[in-house]
Amino acid sequence: MIRAEGAWKRFRLRRRSLRDLAQDLLPGARRGMENLRLPFWALRDVSIDVEPGAAHAVVGENGSGKSTLLKLMSGMMRPTRGTVTVADGAVLLSHLGSGFHPELSGRENVFLQGAILGIPKQRLSAKLDEIVSFAEVERFIDVPVKFYSSGMAVRLAFAIAACLDPEILLIDEALAVGDTAFRDRCLERILEFRAAGVTMVIVSHDRYLVEQLCDRAWLLHRGEMVESGDPASVFNAYERVVKRDHPDRANPTIEGDPGRSPLAIESVTLLGHDGHVEPILDVDQPLTVRIAARATRDVRGAAVGVQIARDWHVLHGTRSTRQGVEISAERGQLVTLDLEYEKLGLSSGGYSLHVSVLEHRLAHDPILRIKRAARLRVTHSESEGVGLVRLPHTWRECRVRVQPGPGRS
Amino acid sequence: MAATAVQHLGEQRPVASPAARFLYLWSQIVTRDLKARYKQTVLGGLWGLGRPLLELGVYAIVFGTVLGAPSDGLPYPLFAYAGVVVWTFVARGLLGATHSVSGHAGLVSSVPFPKATLPLAAISAALVDAAVAALPLGVALAYYRVPLTAHVLWLVPIGCILVLLVTGIGLIASALNVFYRDVGHLAELVMRVWLLLTPVVYATSAVPERYRSLYALNPLVSVFENVRGVLIEGAVVDWPSLAYPAAVSVGVLLVAIPLFRRMQPYFAESV
């Protein structure tokens, strides 16, 4: 199995100079000049153990060293310091289709790409029909790949990789390809690999995918391993790291023209039972959003909307006018609205609230939108399921009554 | 369920040895290079014949007619074309190999595979080019009524020496070009000078006597002379003169193989 012990990886990022040449040619010159280089440590002191048969995720921001770690694990790069033990039968999937030759037909490229990945010819020939139908390129299999849409090329590349028979599969964001339907089929194939006992390490930003697929996750931050454990807790740590490093990303941002808005939002307060700066809620607790707005002119029939979002997914949105609450006020008057959620059906993690102002009941787009006007965190009570929302549900074991056969009722 | 799936896959798991994998990949890349080269051209594979013939036309006019280059009493077109065919392999092979790894940056930096297949495939494709270019040579030999003797078989060992030499230099150049692209630019220049320092379009007899020993330091000199000797003149191969290029080939390979192996793990991060 794959194991890294105190692995460091340094890259030379500067353009080549005579000094580099001198260092490469004269080993003696290396010592004195070491400090003159511009070193970039992509990985610092990373130790991991890949457990046989388990699925692991590597999580982290762009440039945190995820791809470098996978390349070390595949054996295509060597650590600058420390050791990485690589097992045979590890296959790295990244930049699918980078081996395609644009002038060659899809069919010709299947065999070329297969050879690059190390799939024997007989296996490819036997699976050719399967590959073609999986990638949905039946009509274009004898057309040069340069005429393919980018989606078609990537589908074909994944279909070829799906024929692999690896012991360990290292996947570098290769799943984020194609349309939704194709992604589902890719995921299905990955789950088949998983069921067949293939050990996996995947790099992904998709929390849902990782929580569904992986037993374990590692969080890389600027080349260091800062967290490891079950995927949910690692993703929560990831959110904390992002918030710490980019506090402005979590700050409210205003979209639209506040000058034209009939209402100026003065405050958005969350009333949970735990009234901190950012309320922390248990799963089934109620939540009240209190919005204070001042009329900038005489207002008739305006609406306020609230959305609950996680990352870029809006999980729920509602407008006051949907329940008949239209805001009418004189210029300068303060209006307070309460939006009560009886139960937040959300799974654990951090959420933001976007607040918007609409000029009237039928307005299509808000005239003012404050993104991340407030934040809240939901804590997990018990393991109730995975996903973005938490639907109240109950499992029951039913006694099945033995029915008499058909036609004899 | 899971257990049966494992078994099922286990039965299918092919036992492809590294060598078999290497050979299959190598053959795929060679075919790709050859197939892709003449795609979207009207003349297609005819360019394989056309190019060396056009080159020959230029050399025949410039060197044969205008400059009157010596051809040791052989018909100049025949003399020069034999040289052009062999040179096609050397130049295409070396330049192709030099850019083979750096030209596949996307592949080299994202997929683990034996990188030596790239320069070797480039050299093999050049060998096929030379073979295609050699077809008109057969016609020319018949036209000039040059009798073919059993000595022609010596072309095989001579060819082997040449292939080894090109492979050794090609491996070194392809690896170095990953780290310093200067090598690629340098290679173009070197090939141009090397062409002039090799008896491709003129005979060695054109070189002044006092420079002859210096000239013979070029390992290609005796290779070209021997190719013409056994092919056109029906002469016996001159083994002592071939010992030098053979020794150089082996020497270069002995440096090239460990060098390429040592540098290969750093290709992905530098390419």
# chains A, B, ... in the order shown; residues from 1 in each chain; ligands from 1
$ interface_residues --of "chain A" --to "chain B" --cutoff "6 Å" --atoms "only C-alpha atoms" --output "count of residues only"
10
$ residues_around --residues "Trp87 in chain B" --least-positions-apart "4" --cutoff "12 Å" --atoms "only C-alpha atoms" --output "PyMOL selection string"
chain B and resi 52+55-56+80-83+91-95+126-127+129-131+133-134+159+162-163+166+191-192+194-201+220-221+223-224+227
$ atom_distance --atom1 "CA of Arg249 in chain A" --atom2 "CA of Gly229 in chain A"
25.9 Å
$ residues_around --residues "range 298-313 of chain A" --least-positions-apart "5" --cutoff "10 Å" --atoms "only C-alpha atoms" --output "MDAnalysis selection string"
chainID A and resid 239 261:263 265 289 291 293 318:322 324:333 337 339 346 349:363 366 368:376 388
$ select_by_dssp --residues "range 225-339 of chain A" --states "strand (DSSP E or B)" --output "PyMOL selection string"
chain A and resi 225-229+253-256+263-271+280-282+287-295+299-310+313-319+327-329+334-339
$ residues_around --residues "range 210-215 of chain A" --least-positions-apart "2" --cutoff "8 Å" --atoms "only C-alpha atoms" --output "MDAnalysis selection string"
chainID A and resid 54:57 191 204 206:208 217 230:232 386
$ decode --residues "range 177-198 of chain A" --atoms "N, CA, C and O atoms" --output "compact mmCIF listing (two decimals), in the first residue's frame"
# COMPACT_ATOMS: atom_id res chain seq x y z
N VAL A 177 -16.42 16.12 -14.64
CA VAL A 177 -16.46 16.27 -16.09
C VAL A 177 -17.86 16.01 -16.62
O VAL A 177 -18.66 15.33 -15.99
N GLY A 178 -18.12 16.56 -17.79
CA GLY A 178 -19.35 16.26 -18.50
C GLY A 178 -20.58 16.87 -17.85
O GLY A 178 -20.50 17.63 -16.89
N ASP A 179 -21.75 16.49 -18.38
CA ASP A 179 -22.99 17.02 -17.83
C ASP A 179 -23.40 16.18 -16.62
O ASP A 179 -22.76 15.21 -16.26
N THR A 180 -24.50 16.58 -16.02
CA THR A 180 -24.92 15.94 -14.78
C THR A 180 -25.16 14.46 -14.96
O THR A 180 -24.74 13.65 -14.14
N ALA A 181 -25.82 14.10 -16.08
CA ALA A 181 -26.13 12.68 -16.29
C ALA A 181 -24.85 11.88 -16.41
O ALA A 181 -24.73 10.78 -15.86
N PHE A 182 -23.87 12.44 -17.11
CA PHE A 182 -22.62 11.71 -17.29
C PHE A 182 -21.87 11.61 -15.97
O PHE A 182 -21.28 10.57 -15.65
N ARG A 183 -21.92 12.67 -15.19
CA ARG A 183 -21.26 12.64 -13.88
C ARG A 183 -21.83 11.53 -13.02
O ARG A 183 -21.11 10.84 -12.32
N ASP A 184 -23.14 11.36 -13.11
CA ASP A 184 -23.77 10.30 -12.33
C ASP A 184 -23.23 8.94 -12.75
O ASP A 184 -22.98 8.07 -11.91
N ARG A 185 -23.07 8.74 -14.06
CA ARG A 185 -22.57 7.45 -14.51
C ARG A 185 -21.10 7.23 -14.12
O ARG A 185 -20.69 6.12 -13.83
N CYS A 186 -20.32 8.34 -14.14
CA CYS A 186 -18.94 8.25 -13.68
C CYS A 186 -18.93 7.81 -12.22
O CYS A 186 -18.18 6.92 -11.83
N LEU A 187 -19.79 8.45 -11.45
CA LEU A 187 -19.85 8.13 -10.03
C LEU A 187 -20.24 6.67 -9.82
O LEU A 187 -19.69 5.98 -8.97
N GLU A 188 -21.18 6.21 -10.65
CA GLU A 188 -21.61 4.83 -10.57
C GLU A 188 -20.43 3.87 -10.79
O GLU A 188 -20.25 2.90 -10.08
N ARG A 189 -19.64 4.22 -11.80
CA ARG A 189 -18.47 3.39 -12.13
C ARG A 189 -17.48 3.40 -10.96
O ARG A 189 -16.92 2.36 -10.60
N ILE A 190 -17.30 4.58 -10.37
CA ILE A 190 -16.39 4.69 -9.24
C ILE A 190 -16.90 3.83 -8.08
O ILE A 190 -16.14 3.15 -7.41
N LEU A 191 -18.23 3.86 -7.89
CA LEU A 191 -18.80 3.04 -6.81
C LEU A 191 -18.60 1.56 -7.09
O LEU A 191 -18.40 0.77 -6.17
N GLU A 192 -18.64 1.19 -8.38
CA GLU A 192 -18.37 -0.21 -8.73
C GLU A 192 -16.94 -0.59 -8.36
O GLU A 192 -16.68 -1.66 -7.82
N PHE A 193 -16.01 0.31 -8.70
CA PHE A 193 -14.61 0.07 -8.32
C PHE A 193 -14.52 -0.13 -6.81
O PHE A 193 -13.85 -1.02 -6.31
N ARG A 194 -15.23 0.74 -6.12
CA ARG A 194 -15.21 0.72 -4.66
C ARG A 194 -15.74 -0.61 -4.14
O ARG A 194 -15.16 -1.22 -3.25
N ALA A 195 -16.85 -1.05 -4.74
CA ALA A 195 -17.46 -2.30 -4.31
C ALA A 195 -16.54 -3.48 -4.61
O ALA A 195 -16.56 -4.49 -3.92
N ALA A 196 -15.72 -3.33 -5.64
CA ALA A 196 -14.80 -4.41 -6.01
C ALA A 196 -13.55 -4.39 -5.14
O ALA A 196 -12.62 -5.14 -5.39
N GLY A 197 -13.52 -3.52 -4.16
CA GLY A 197 -12.41 -3.52 -3.22
C GLY A 197 -11.22 -2.71 -3.67
O GLY A 197 -10.12 -2.86 -3.14
N VAL A 198 -11.41 -1.83 -4.67
CA VAL A 198 -10.30 -0.99 -5.13
C VAL A 198 -10.05 0.11 -4.10
O VAL A 198 -10.99 0.78 -3.66
